[in-house]
$ cat my_file.cif   # mmCIF, C-alpha atoms and all ligand atoms
data_run
#
loop_
_atom_site.label_atom_id
_atom_site.label_comp_id
_atom_site.auth_asym_id
_atom_site.auth_seq_id
_atom_site.Cartn_x
_atom_site.Cartn_y
_atom_site.Cartn_z
CA MET Q 1 44.16 -77.40 35.40
CA ALA Q 2 45.19 -80.99 35.02
CA LEU Q 3 44.33 -84.19 33.27
CA ILE Q 4 45.44 -87.48 34.76
CA ALA Q 5 45.06 -91.00 33.35
CA GLU Q 6 45.26 -94.07 35.57
CA PRO Q 7 44.25 -97.74 35.42
CA PHE Q 8 40.75 -98.63 36.65
CA GLY Q 9 40.79 -102.42 36.54
CA ALA Q 10 40.11 -104.77 33.65
CA LEU Q 11 37.04 -106.20 31.94
CA PRO Q 12 36.39 -109.97 32.14
CA ASP Q 13 38.17 -110.37 28.75
CA GLY Q 14 41.28 -108.70 30.19
CA SER Q 15 40.89 -105.32 28.47
CA PRO Q 16 42.20 -102.55 30.71
CA VAL Q 17 39.89 -99.69 31.66
CA ILE Q 18 41.35 -96.21 32.16
CA ARG Q 19 40.05 -93.48 34.40
CA TYR Q 20 40.67 -89.86 33.40
CA THR Q 21 40.54 -87.09 35.96
CA LEU Q 22 40.01 -83.52 34.79
CA SER Q 23 40.26 -80.82 37.43
CA ARG Q 24 40.41 -77.11 37.99
CA PRO Q 25 42.05 -75.76 41.15
CA GLY Q 26 39.36 -74.56 43.54
CA GLY Q 27 36.75 -75.73 41.04
CA LEU Q 28 35.30 -78.95 39.72
CA THR Q 29 36.87 -82.38 39.42
CA LEU Q 30 35.44 -84.79 36.85
CA ARG Q 31 36.33 -88.48 36.61
CA VAL Q 32 35.45 -90.39 33.45
CA LEU Q 33 35.95 -94.08 32.63
CA THR Q 34 36.71 -95.49 29.20
CA TYR Q 35 34.20 -98.23 30.07
CA GLY Q 36 30.77 -96.91 29.06
CA GLY Q 37 32.11 -93.34 28.97
CA ILE Q 38 30.92 -93.30 32.57
CA VAL Q 39 31.06 -90.16 34.69
CA GLN Q 40 32.34 -91.87 37.83
CA SER Q 41 32.41 -88.77 39.99
CA LEU Q 42 31.92 -85.06 39.74
CA GLU Q 43 33.15 -83.02 42.68
CA VAL Q 44 31.49 -79.65 43.10
CA PRO Q 45 32.10 -77.03 45.80
CA ASP Q 46 29.22 -75.36 47.68
CA ALA Q 47 29.04 -71.69 48.72
CA ARG Q 48 31.50 -72.31 51.58
CA GLY Q 49 33.92 -74.21 49.36
CA ARG Q 50 32.95 -77.63 50.71
CA VAL Q 51 33.40 -80.16 47.97
CA VAL Q 52 31.27 -83.27 47.46
CA ASN Q 53 30.71 -85.73 44.66
CA VAL Q 54 27.26 -84.96 43.23
CA VAL Q 55 26.80 -88.07 41.06
CA LEU Q 56 26.05 -91.64 42.07
CA GLY Q 57 28.74 -94.15 41.15
CA PHE Q 58 31.05 -96.92 42.28
CA ALA Q 59 34.57 -97.15 43.66
CA SER Q 60 35.55 -100.05 41.40
CA LEU Q 61 34.87 -101.39 37.93
CA HIS Q 62 33.24 -104.40 39.56
CA GLY Q 63 30.52 -102.10 40.94
CA TYR Q 64 29.63 -100.96 37.42
CA LEU Q 65 29.71 -104.48 35.99
CA ALA Q 66 27.37 -105.68 38.75
CA ALA Q 67 24.92 -102.78 38.40
CA GLY Q 68 24.79 -102.38 34.61
CA ASP Q 69 20.99 -102.40 34.47
CA ALA Q 70 20.83 -99.15 36.45
CA TYR Q 71 23.04 -97.26 33.95
CA PHE Q 72 25.04 -95.28 36.53
CA GLY Q 73 26.69 -92.25 34.91
CA CYS Q 74 27.12 -93.86 31.49
CA LEU Q 75 26.77 -92.82 27.88
CA VAL Q 76 23.60 -94.33 26.43
CA GLY Q 77 23.20 -95.45 22.78
CA ARG Q 78 22.43 -96.27 20.09
CA PHE Q 79 18.96 -95.44 21.16
CA ALA Q 80 18.29 -93.94 24.58
CA ASN Q 81 15.17 -95.17 26.37
CA ARG Q 82 12.69 -97.63 24.89
CA LEU Q 83 11.83 -98.92 21.44
CA ALA Q 84 8.50 -100.78 21.65
CA GLY Q 85 8.94 -104.50 21.04
CA GLY Q 86 12.45 -103.72 19.81
CA ARG Q 87 10.94 -102.98 16.42
CA PHE Q 88 10.84 -100.09 13.98
CA SER Q 89 10.78 -99.58 10.26
CA LEU Q 90 12.89 -97.23 8.19
CA ASP Q 91 12.64 -96.60 4.44
CA GLY Q 92 10.26 -99.58 4.19
CA GLU Q 93 12.64 -102.02 5.93
CA ASN Q 94 11.60 -103.66 9.21
CA TYR Q 95 14.21 -103.93 11.92
CA ALA Q 96 14.19 -106.10 15.06
CA VAL Q 97 16.74 -104.96 17.62
CA ASP Q 98 17.81 -106.58 20.88
CA VAL Q 99 15.07 -106.73 23.54
CA ASN Q 100 16.45 -106.44 27.05
CA ALA Q 101 13.62 -104.98 29.17
CA GLY Q 102 10.15 -106.53 29.32
CA GLY Q 103 10.06 -107.34 25.61
CA ASN Q 104 11.30 -103.86 24.63
CA CYS Q 105 14.69 -102.50 23.67
CA LEU Q 106 16.01 -100.28 26.48
CA HIS Q 107 19.00 -97.95 26.02
CA GLY Q 108 20.23 -99.61 22.83
CA GLY Q 109 19.93 -103.28 23.89
CA SER Q 110 21.81 -105.60 26.26
CA THR Q 111 25.23 -104.52 25.04
CA GLY Q 112 24.58 -100.83 24.54
CA PHE Q 113 27.21 -98.10 24.41
CA ASP Q 114 27.17 -98.05 28.22
CA LYS Q 115 28.83 -101.48 28.22
CA ARG Q 116 31.49 -100.76 25.58
CA LEU Q 117 35.10 -99.86 25.97
CA TRP Q 118 35.55 -96.45 24.34
CA SER Q 119 38.84 -95.16 22.96
CA ALA Q 120 39.96 -92.03 24.75
CA GLU Q 121 42.26 -89.24 23.79
CA PRO Q 122 42.83 -86.09 25.82
CA PHE Q 123 42.17 -83.09 23.63
CA ASN Q 124 43.69 -80.61 26.04
CA ASP Q 125 43.80 -80.30 29.84
CA ASN Q 126 40.08 -79.56 29.99
CA GLU Q 127 38.71 -81.89 27.40
CA LEU Q 128 38.52 -85.63 26.89
CA ARG Q 129 37.45 -87.10 23.58
CA LEU Q 130 35.89 -90.58 23.52
CA THR Q 131 35.24 -92.50 20.31
CA LEU Q 132 33.45 -95.70 19.45
CA THR Q 133 32.68 -97.52 16.23
CA SER Q 134 29.45 -99.47 16.31
CA PRO Q 135 29.41 -101.99 13.45
CA ASP Q 136 26.51 -102.44 11.04
CA GLY Q 137 23.96 -104.73 12.72
CA ASP Q 138 25.18 -103.94 16.25
CA GLN Q 139 22.29 -104.98 18.56
CA GLY Q 140 20.24 -105.19 15.33
CA PHE Q 141 20.64 -101.52 14.32
CA PRO Q 142 21.49 -100.77 10.69
CA GLY Q 143 24.55 -98.83 9.57
CA ARG Q 144 28.10 -98.60 10.80
CA LEU Q 145 28.04 -95.71 13.25
CA ASN Q 146 31.08 -93.66 14.23
CA VAL Q 147 30.45 -91.86 17.49
CA GLU Q 148 32.47 -89.19 19.27
CA VAL Q 149 31.66 -87.80 22.70
CA THR Q 150 33.62 -85.02 24.34
CA TYR Q 151 33.58 -84.15 28.03
CA CYS Q 152 34.76 -80.60 28.49
CA LEU Q 153 35.39 -79.26 31.99
CA LEU Q 154 34.23 -75.64 32.17
CA GLU Q 155 34.92 -73.03 34.83
CA SER Q 156 31.80 -74.20 36.69
CA GLY Q 157 30.32 -77.03 34.70
CA VAL Q 158 30.68 -79.79 32.16
CA ARG Q 159 29.79 -79.68 28.50
CA ILE Q 160 29.07 -82.98 26.76
CA GLY Q 161 29.27 -82.92 22.96
CA TYR Q 162 27.93 -85.79 20.88
CA ARG Q 163 28.70 -86.37 17.20
CA ALA Q 164 27.97 -89.31 14.96
CA THR Q 165 27.98 -90.34 11.32
CA THR Q 166 26.64 -93.46 9.60
CA ASP Q 167 27.23 -95.31 6.33
CA ALA Q 168 23.57 -96.41 5.99
CA PRO Q 169 20.25 -94.92 7.16
CA THR Q 170 19.70 -95.55 10.87
CA VAL Q 171 18.11 -94.12 14.01
CA ILE Q 172 20.03 -92.55 16.88
CA ASN Q 173 19.35 -91.12 20.34
CA LEU Q 174 22.29 -90.47 22.66
CA THR Q 175 22.41 -89.27 26.26
CA ASN Q 176 24.28 -89.49 29.54
CA HIS Q 177 22.62 -91.28 32.47
CA SER Q 178 24.17 -89.60 35.53
CA TYR Q 179 22.13 -89.64 38.72
CA PHE Q 180 22.54 -86.38 40.64
CA ASN Q 181 22.37 -85.72 44.35
CA LEU Q 182 23.52 -82.17 45.04
CA ALA Q 183 23.94 -82.85 48.76
CA GLY Q 184 26.46 -85.54 47.83
CA GLU Q 185 26.06 -89.11 46.61
CA GLY Q 186 25.09 -91.48 49.39
CA SER Q 187 23.55 -88.70 51.49
CA GLY Q 188 20.03 -90.09 51.18
CA SER Q 189 16.99 -89.00 49.23
CA VAL Q 190 16.77 -86.07 46.81
CA GLU Q 191 13.10 -85.54 47.66
CA ALA Q 192 13.88 -82.19 49.32
CA HIS Q 193 15.74 -80.91 46.25
CA THR Q 194 13.69 -78.48 44.21
CA LEU Q 195 13.28 -78.93 40.50
CA VAL Q 196 12.14 -76.81 37.58
CA ILE Q 197 11.67 -78.36 34.13
CA ASP Q 198 11.14 -75.91 31.28
CA ALA Q 199 8.36 -77.84 29.60
CA ASP Q 200 4.62 -77.37 29.21
CA GLU Q 201 4.07 -80.86 27.84
CA PHE Q 202 5.18 -84.45 28.27
CA THR Q 203 4.77 -87.74 26.41
CA PRO Q 204 2.48 -90.00 28.51
CA VAL Q 205 3.37 -93.69 28.75
CA SER Q 206 1.43 -96.91 29.11
CA ARG Q 207 2.15 -99.37 31.94
CA ASP Q 208 5.23 -100.74 30.16
CA LEU Q 209 6.71 -97.22 29.93
CA ILE Q 210 6.23 -97.01 26.17
CA PRO Q 211 4.88 -93.64 24.94
CA THR Q 212 1.25 -93.79 23.89
CA GLY Q 213 2.07 -91.27 21.15
CA GLU Q 214 0.08 -88.48 22.81
CA VAL Q 215 1.61 -85.18 23.80
CA ALA Q 216 -0.19 -84.05 26.97
CA VAL Q 217 -0.06 -80.82 28.94
CA VAL Q 218 1.61 -80.97 32.36
CA ALA Q 219 -0.87 -78.42 33.77
CA GLY Q 220 -3.06 -79.97 36.46
CA THR Q 221 -0.82 -83.05 36.87
CA PRO Q 222 2.02 -83.91 39.28
CA LEU Q 223 4.30 -83.62 36.25
CA ASP Q 224 3.92 -79.86 36.27
CA LEU Q 225 7.39 -78.64 37.29
CA ARG Q 226 7.25 -75.27 35.57
CA ARG Q 227 7.60 -73.57 38.94
CA LYS Q 228 10.16 -74.56 41.56
CA THR Q 229 8.74 -77.68 43.23
CA ALA Q 230 10.21 -80.11 45.75
CA VAL Q 231 10.96 -83.40 44.02
CA GLY Q 232 9.02 -85.26 46.73
CA ALA Q 233 6.02 -82.92 46.78
CA HIS Q 234 3.91 -85.00 44.40
CA LEU Q 235 5.93 -88.21 44.15
CA ARG Q 236 3.25 -90.13 46.03
CA ASP Q 237 0.23 -88.62 44.26
CA PRO Q 238 -2.06 -91.41 43.04
CA HIS Q 239 -1.73 -90.33 39.43
CA ARG Q 240 -1.76 -93.03 36.74
CA GLN Q 241 1.44 -91.80 35.12
CA LEU Q 242 3.38 -91.88 38.41
CA LEU Q 243 1.94 -95.26 39.40
CA ALA Q 244 2.94 -96.80 36.06
CA ALA Q 245 6.53 -95.61 36.52
CA ARG Q 246 6.77 -95.88 40.35
CA GLY Q 247 7.61 -92.20 40.38
CA TYR Q 248 8.87 -89.87 37.69
CA ASP Q 249 10.22 -91.65 34.61
CA HIS Q 250 8.87 -89.36 31.92
CA ASN Q 251 9.96 -87.52 28.84
CA TYR Q 252 9.29 -83.79 28.90
CA VAL Q 253 8.77 -81.87 25.67
CA LEU Q 254 11.16 -78.97 26.20
CA ARG Q 255 9.98 -75.49 25.34
CA GLY Q 256 11.79 -73.75 22.46
CA THR Q 257 14.66 -74.88 20.28
CA GLY Q 258 18.43 -74.40 20.16
CA LEU Q 259 20.68 -74.45 23.19
CA ARG Q 260 18.49 -73.39 26.10
CA ARG Q 261 17.85 -74.21 29.71
CA ALA Q 262 15.96 -77.47 30.23
CA ALA Q 263 16.02 -77.90 33.99
CA ARG Q 264 17.17 -76.42 37.27
CA LEU Q 265 17.82 -78.68 40.26
CA ALA Q 266 18.65 -77.15 43.65
CA ASP Q 267 19.51 -78.50 47.08
CA PRO Q 268 18.23 -76.11 49.76
CA THR Q 269 20.56 -77.52 52.44
CA THR Q 270 23.87 -76.89 50.65
CA GLY Q 271 22.72 -74.22 48.21
CA ARG Q 272 24.17 -76.16 45.25
CA VAL Q 273 22.30 -75.56 41.99
CA LEU Q 274 22.57 -77.49 38.73
CA GLU Q 275 21.25 -76.02 35.50
CA VAL Q 276 20.95 -78.33 32.50
CA LEU Q 277 21.19 -76.73 29.07
CA THR Q 278 20.60 -78.65 25.85
CA ASP Q 279 19.69 -78.38 22.20
CA GLN Q 280 17.69 -81.63 22.39
CA PRO Q 281 13.87 -81.69 22.15
CA GLY Q 282 13.29 -83.85 25.25
CA LEU Q 283 14.37 -84.48 28.81
CA GLN Q 284 13.74 -87.72 30.72
CA LEU Q 285 13.23 -87.13 34.42
CA TYR Q 286 13.95 -90.40 36.22
CA THR Q 287 13.81 -90.45 40.03
CA GLY Q 288 15.79 -93.66 40.47
CA ASN Q 289 12.61 -95.67 40.93
CA PHE Q 290 14.37 -98.98 40.41
CA LEU Q 291 17.22 -98.35 42.87
CA ASP Q 292 16.50 -100.93 45.55
CA GLY Q 293 19.32 -100.76 48.08
CA SER Q 294 21.24 -103.65 46.54
CA HIS Q 295 24.28 -101.66 45.34
CA VAL Q 296 26.86 -99.93 47.56
CA GLY Q 297 28.04 -96.62 46.15
CA ILE Q 298 31.45 -94.99 46.00
CA GLY Q 299 31.21 -93.57 49.54
CA GLY Q 300 30.15 -96.87 51.11
CA ARG Q 301 26.38 -96.28 51.34
CA ALA Q 302 23.69 -98.33 49.58
CA TYR Q 303 21.55 -96.58 46.98
CA ARG Q 304 17.78 -96.70 47.50
CA GLN Q 305 14.82 -95.40 45.52
CA GLY Q 306 15.05 -91.62 45.17
CA ASP Q 307 18.69 -91.31 46.30
CA GLY Q 308 19.50 -89.58 43.01
CA LEU Q 309 17.72 -88.42 39.90
CA ALA Q 310 18.64 -88.46 36.25
CA LEU Q 311 17.97 -85.60 33.83
CA GLU Q 312 18.54 -87.31 30.48
CA THR Q 313 18.56 -84.89 27.56
CA GLN Q 314 17.33 -86.79 24.53
CA HIS Q 315 14.98 -87.30 21.62
CA PHE Q 316 11.61 -88.69 22.65
CA PRO Q 317 11.50 -92.39 23.57
CA ASP Q 318 10.30 -94.75 20.83
CA SER Q 319 10.43 -91.92 18.25
CA PRO Q 320 10.87 -94.22 15.23
CA ASN Q 321 7.39 -95.62 15.95
CA HIS Q 322 5.74 -92.20 16.32
CA PRO Q 323 6.03 -90.22 13.08
CA ALA Q 324 4.72 -87.09 14.82
CA PHE Q 325 7.71 -87.02 17.22
CA PRO Q 326 10.87 -85.18 16.08
CA SER Q 327 12.84 -87.44 13.76
CA THR Q 328 15.73 -89.59 15.02
CA VAL Q 329 16.77 -90.72 11.55
CA LEU Q 330 20.42 -90.26 10.60
CA ARG Q 331 21.49 -90.73 6.98
CA PRO Q 332 24.87 -91.08 5.31
CA GLY Q 333 26.40 -87.67 4.67
CA GLN Q 334 24.60 -86.12 7.67
CA LEU Q 335 26.34 -85.21 10.92
CA PHE Q 336 24.50 -85.93 14.16
CA ALA Q 337 25.72 -83.20 16.53
CA THR Q 338 24.22 -82.19 19.85
CA SER Q 339 25.39 -80.87 23.19
CA THR Q 340 24.31 -80.74 26.79
CA THR Q 341 25.85 -78.59 29.52
CA TRP Q 342 25.63 -79.02 33.28
CA LEU Q 343 26.26 -75.67 34.98
CA PHE Q 344 26.79 -75.46 38.73
CA HIS Q 345 26.45 -72.49 41.02
CA THR Q 346 25.22 -71.75 44.51
CA ASP Q 347 22.06 -70.03 45.65
C1 LIG E 1 15.86 -94.63 32.10
C2 LIG E 1 14.52 -95.25 31.92
C3 LIG E 1 14.11 -95.92 33.17
C4 LIG E 1 15.15 -96.92 33.64
C5 LIG E 1 16.48 -96.25 33.74
C6 LIG E 1 17.58 -97.22 34.07
O1 LIG E 1 15.81 -93.56 32.92
O2 LIG E 1 13.55 -94.33 31.53
O3 LIG E 1 12.87 -96.54 33.02
O4 LIG E 1 15.23 -97.96 32.70
O5 LIG E 1 16.80 -95.59 32.55
O6 LIG E 1 17.34 -97.96 35.22
#
$ encode --input "my_file.cif" --output "structure tokens"
Amino acid sequence: MALIAEPFGALPDGSPVIRYTLSRPGGLTLRVLTYGGIVQSLEVPDARGRVVNVVLGFASLHGYLAAGDAYFGCLVGRFANRLAGGRFSLDGENYAVDVNAGGNCLHGGSTGFDKRLWSAEPFNDNELRLTLTSPDGDQGFPGRLNVEVTYCLLESGVRIGYRATTDAPTVINLTNHSYFNLAGEGSGSVEAHTLVIDADEFTPVSRDLIPTGEVAVVAGTPLDLRRKTAVGAHLRDPHRQLLAARGYDHNYVLRGTGLRRAARLADPTTGRVLEVLTDQPGLQLYTGNFLDGSHVGIGGRAYRQGDGLALETQHFPDSPNHPAFPSTVLRPGQLFATSTTWLFHTD
């Protein structure tokens, strides 16, 4: 087991970015940047011990700075996914937060947590602790928020722990936005991967990808992934939800509560399997619909639509504007604490 820190370039203002590498001999290697808390690479062996990097990313900091709107591998906050019109009210106060995507707030606004320099401190050889203080009024959000994210390298996986406290009532929704390709980043489409999502329902969206507020059953729609289904099997079905999003970009209402399995992604060619466990109520399946071949990844290949998919564990998008959705309110004295685990094995 080892933990290595090395320079990874500097931001335009001169601040140095550090890359941490956590590894286990014969096991996984995880590389995390202090910029955005980005998972730059995650090397995973297959059944025959062949190791590839299963997340999309870039070789240099410049790659991340140039492709910020695709959120490669980063930590997302203060509020993952969309807030309609960048507006919500809390305790009778109306808030207007930064709008950065078609008149809505996406992933916490233009300078979200994905574009911040986090402080890092190795906890032990297997665990890296990242912290960030988001001042009151940051991107328009109320309350000074102290956030801590830990990346813990397990025997065959990664556990991400999120904790936050605030000094004034606020809303919060944190996630990680890694795009997975279990055959290796840059190897082409994930349409042949199979996927299971442990959800009977989803939150339908309108054309601008804002939840309508309904909770609909997946049964009878291309969103039904309760049984092992190839990612590409229904991707081109002329269903209104898929057409609005150009593919899958939907929040699933996960079955059950507490830490439980949310999804299982498998690559039939290499046998690699990823199981996602979380205590969160939702999971956003995003099939990289906006990847357009304009960014060259870490291995030298351009990323196109469907070359990776994100499984973002989260609270439901736009929750503050839908009182029936599980609450995303965090108050002083409360601890926001959640965790998500990526477990890898081979079929
Ligand atoms: C999330 C959203 C998508 C898109 C990506 C980033 O997955 O749901 O609509 O914004 O982030 O490109």
$ residues_near_point --input "my_file.cif" --point "(12.8, -94.6, 36.0)" --cutoff "10 Å" --atoms "only C-alpha atoms" --output "CSV table (one decimal) with C-alpha atoms, in the coordinates of the input"
chain,number,residue,atom,x,y,z
Q,70,ALA,CA,20.8,-99.2,36.4
Q,81,ASN,CA,15.2,-95.2,26.4
Q,209,LEU,CA,6.7,-97.2,29.9
Q,245,ALA,CA,6.5,-95.6,36.5
Q,246,ARG,CA,6.8,-95.9,40.4
Q,247,GLY,CA,7.6,-92.2,40.4
Q,248,TYR,CA,8.9,-89.9,37.7
Q,249,ASP,CA,10.2,-91.6,34.6
Q,250,HIS,CA,8.9,-89.4,31.9
Q,284,GLN,CA,13.7,-87.7,30.7
Q,285,LEU,CA,13.2,-87.1,34.4
Q,286,TYR,CA,14.0,-90.4,36.2
Q,287,THR,CA,13.8,-90.4,40.0
Q,288,GLY,CA,15.8,-93.7,40.5
Q,289,ASN,CA,12.6,-95.7,40.9
Q,290,PHE,CA,14.4,-99.0,40.4
Q,291,LEU,CA,17.2,-98.4,42.9
Q,305,GLN,CA,14.8,-95.4,45.5
Q,306,GLY,CA,15.0,-91.6,45.2
Q,309,LEU,CA,17.7,-88.4,39.9
Q,310,ALA,CA,18.6,-88.5,36.2
$ atom_distance --input "my_file.cif" --atom1 "CA of Val217 (chain Q)" --atom2 "CA of Ala324 (chain Q)"
16.2 Å
$ atom_distance --input "my_file.cif" --atom1 "CA of Val44 (chain Q)" --atom2 "CA of Gly27 (chain Q)"
6.9 Å
$ closest_residue --input "my_file.cif" --among "Q:Val253, Q:Leu153, Q:Val231, Q:Cys74" --to "ligand LIG 1 (chain E)" --atoms "all atoms listed in the file"
Q:Cys74
$ closest_residue --input "my_file.cif" --among "Q:Gly9, Q:Pro16, Q:Gly102, Q:Pro238" --to "ligand LIG 1 (chain E)" --atoms "all atoms listed in the file"
Q:Gly102
$ closest_residue --input "my_file.cif" --among "Q:Arg31, Q:Arg207, Q:Arg24, Q:Arg129" --to "ligand LIG 1 (chain E)" --atoms "all atoms listed in the file"
Q:Arg207
$ atom_distance --input "my_file.cif" --atom1 "CA of Ala2 (chain Q)" --atom2 "CA of Val55 (chain Q)"
20.6 Å
$ residues_around --input "my_file.cif" --residues "region 260-265 of chain Q" --least-positions-apart "5" --cutoff "6 Å" --atoms "only C-alpha atoms" --output "list in words"
Thr194, Leu195, Val196, Ile197, Asp198, Val273, Leu274, Glu275, Val276, Leu277 and Thr278 of chain Q
$ build_atoms --input "my_file.cif" --residues "region 60-86 of chain Q" --atoms "N, CA and C atoms" --output "PDB file, in the coordinates of the input"
ATOM      1  N   SER Q  60      34.779 -99.124  42.240  1.00  0.00           N
ATOM      2  CA  SER Q  60      35.550-100.050  41.400  1.00  0.00           C
ATOM      3  C   SER Q  60      34.777-100.414  40.150  1.00  0.00           C
ATOM      4  N   LEU Q  61      35.506-100.944  39.170  1.00  0.00           N
ATOM      5  CA  LEU Q  61      34.870-101.390  37.930  1.00  0.00           C
ATOM      6  C   LEU Q  61      33.848-102.472  38.222  1.00  0.00           C
ATOM      7  N   HIS Q  62      34.151-103.318  39.197  1.00  0.00           N
ATOM      8  CA  HIS Q  62      33.240-104.400  39.560  1.00  0.00           C
ATOM      9  C   HIS Q  62      31.845-103.845  39.886  1.00  0.00           C
ATOM     10  N   GLY Q  63      31.812-102.723  40.595  1.00  0.00           N
ATOM     11  CA  GLY Q  63      30.520-102.100  40.940  1.00  0.00           C
ATOM     12  C   GLY Q  63      29.699-101.818  39.697  1.00  0.00           C
ATOM     13  N   TYR Q  64      30.351-101.281  38.661  1.00  0.00           N
ATOM     14  CA  TYR Q  64      29.630-100.960  37.420  1.00  0.00           C
ATOM     15  C   TYR Q  64      29.195-102.216  36.684  1.00  0.00           C
ATOM     16  N   LEU Q  65      30.058-103.242  36.697  1.00  0.00           N
ATOM     17  CA  LEU Q  65      29.710-104.480  35.990  1.00  0.00           C
ATOM     18  C   LEU Q  65      28.522-105.151  36.670  1.00  0.00           C
ATOM     19  N   ALA Q  66      28.448-105.026  38.004  1.00  0.00           N
ATOM     20  CA  ALA Q  66      27.370-105.680  38.750  1.00  0.00           C
ATOM     21  C   ALA Q  66      26.054-104.901  38.681  1.00  0.00           C
ATOM     22  N   ALA Q  67      26.125-103.622  38.357  1.00  0.00           N
ATOM     23  CA  ALA Q  67      24.920-102.780  38.400  1.00  0.00           C
ATOM     24  C   ALA Q  67      24.574-102.193  37.043  1.00  0.00           C
ATOM     25  N   GLY Q  68      24.945-102.901  35.972  1.00  0.00           N
ATOM     26  CA  GLY Q  68      24.790-102.380  34.610  1.00  0.00           C
ATOM     27  C   GLY Q  68      23.366-101.996  34.251  1.00  0.00           C
ATOM     28  N   ASP Q  69      22.376-102.684  34.854  1.00  0.00           N
ATOM     29  CA  ASP Q  69      20.990-102.400  34.470  1.00  0.00           C
ATOM     30  C   ASP Q  69      20.464-101.100  35.062  1.00  0.00           C
ATOM     31  N   ALA Q  70      21.269-100.432  35.900  1.00  0.00           N
ATOM     32  CA  ALA Q  70      20.830 -99.150  36.450  1.00  0.00           C
ATOM     33  C   ALA Q  70      21.519 -97.971  35.747  1.00  0.00           C
ATOM     34  N   TYR Q  71      22.455 -98.273  34.843  1.00  0.00           N
ATOM     35  CA  TYR Q  71      23.040 -97.260  33.950  1.00  0.00           C
ATOM     36  C   TYR Q  71      23.684 -96.087  34.671  1.00  0.00           C
ATOM     37  N   PHE Q  72      24.412 -96.361  35.750  1.00  0.00           N
ATOM     38  CA  PHE Q  72      25.040 -95.280  36.530  1.00  0.00           C
ATOM     39  C   PHE Q  72      26.045 -94.471  35.695  1.00  0.00           C
ATOM     40  N   GLY Q  73      25.744 -93.211  35.483  1.00  0.00           N
ATOM     41  CA  GLY Q  73      26.690 -92.250  34.910  1.00  0.00           C
ATOM     42  C   GLY Q  73      27.113 -92.447  33.456  1.00  0.00           C
ATOM     43  N   CYS Q  74      26.554 -93.444  32.791  1.00  0.00           N
ATOM     44  CA  CYS Q  74      27.120 -93.860  31.490  1.00  0.00           C
ATOM     45  C   CYS Q  74      26.597 -93.066  30.296  1.00  0.00           C
ATOM     46  N   LEU Q  75      27.278 -93.280  29.173  1.00  0.00           N
ATOM     47  CA  LEU Q  75      26.770 -92.820  27.880  1.00  0.00           C
ATOM     48  C   LEU Q  75      25.786 -93.871  27.391  1.00  0.00           C
ATOM     49  N   VAL Q  76      24.654 -93.415  26.868  1.00  0.00           N
ATOM     50  CA  VAL Q  76      23.600 -94.330  26.430  1.00  0.00           C
ATOM     51  C   VAL Q  76      23.421 -94.236  24.924  1.00  0.00           C
ATOM     52  N   GLY Q  77      23.424 -95.381  24.231  1.00  0.00           N
ATOM     53  CA  GLY Q  77      23.200 -95.450  22.780  1.00  0.00           C
ATOM     54  C   GLY Q  77      23.033 -96.909  22.378  1.00  0.00           C
ATOM     55  N   ARG Q  78      22.713 -97.253  21.119  1.00  0.00           N
ATOM     56  CA  ARG Q  78      22.430 -96.270  20.090  1.00  0.00           C
ATOM     57  C   ARG Q  78      21.141 -95.513  20.293  1.00  0.00           C
ATOM     58  N   PHE Q  79      20.245 -96.100  21.048  1.00  0.00           N
ATOM     59  CA  PHE Q  79      18.960 -95.440  21.160  1.00  0.00           C
ATOM     60  C   PHE Q  79      18.523 -95.359  22.617  1.00  0.00           C
ATOM     61  N   ALA Q  80      18.658 -94.155  23.185  1.00  0.00           N
ATOM     62  CA  ALA Q  80      18.290 -93.940  24.580  1.00  0.00           C
ATOM     63  C   ALA Q  80      16.802 -94.234  24.800  1.00  0.00           C
ATOM     64  N   ASN Q  81      16.516 -94.792  25.960  1.00  0.00           N
ATOM     65  CA  ASN Q  81      15.170 -95.170  26.370  1.00  0.00           C
ATOM     66  C   ASN Q  81      14.601 -96.304  25.501  1.00  0.00           C
ATOM     67  N   ARG Q  82      13.280 -96.394  25.425  1.00  0.00           N
ATOM     68  CA  ARG Q  82      12.690 -97.630  24.890  1.00  0.00           C
ATOM     69  C   ARG Q  82      12.267 -97.559  23.431  1.00  0.00           C
ATOM     70  N   LEU Q  83      12.397 -98.722  22.774  1.00  0.00           N
ATOM     71  CA  LEU Q  83      11.830 -98.920  21.440  1.00  0.00           C
ATOM     72  C   LEU Q  83      10.839-100.069  21.622  1.00  0.00           C
ATOM     73  N   ALA Q  84       9.564 -99.794  21.367  1.00  0.00           N
ATOM     74  CA  ALA Q  84       8.500-100.780  21.650  1.00  0.00           C
ATOM     75  C   ALA Q  84       8.734-102.079  20.896  1.00  0.00           C
ATOM     76  N   GLY Q  85       8.759-103.174  21.631  1.00  0.00           N
ATOM     77  CA  GLY Q  85       8.940-104.500  21.040  1.00  0.00           C
ATOM     78  C   GLY Q  85      10.278-104.657  20.339  1.00  0.00           C
ATOM     79  N   GLY Q  86      11.166-103.678  20.504  1.00  0.00           N
ATOM     80  CA  GLY Q  86      12.450-103.720  19.810  1.00  0.00           C
ATOM     81  C   GLY Q  86      12.288-103.650  18.306  1.00  0.00           C
TER      82      GLY Q  86
END
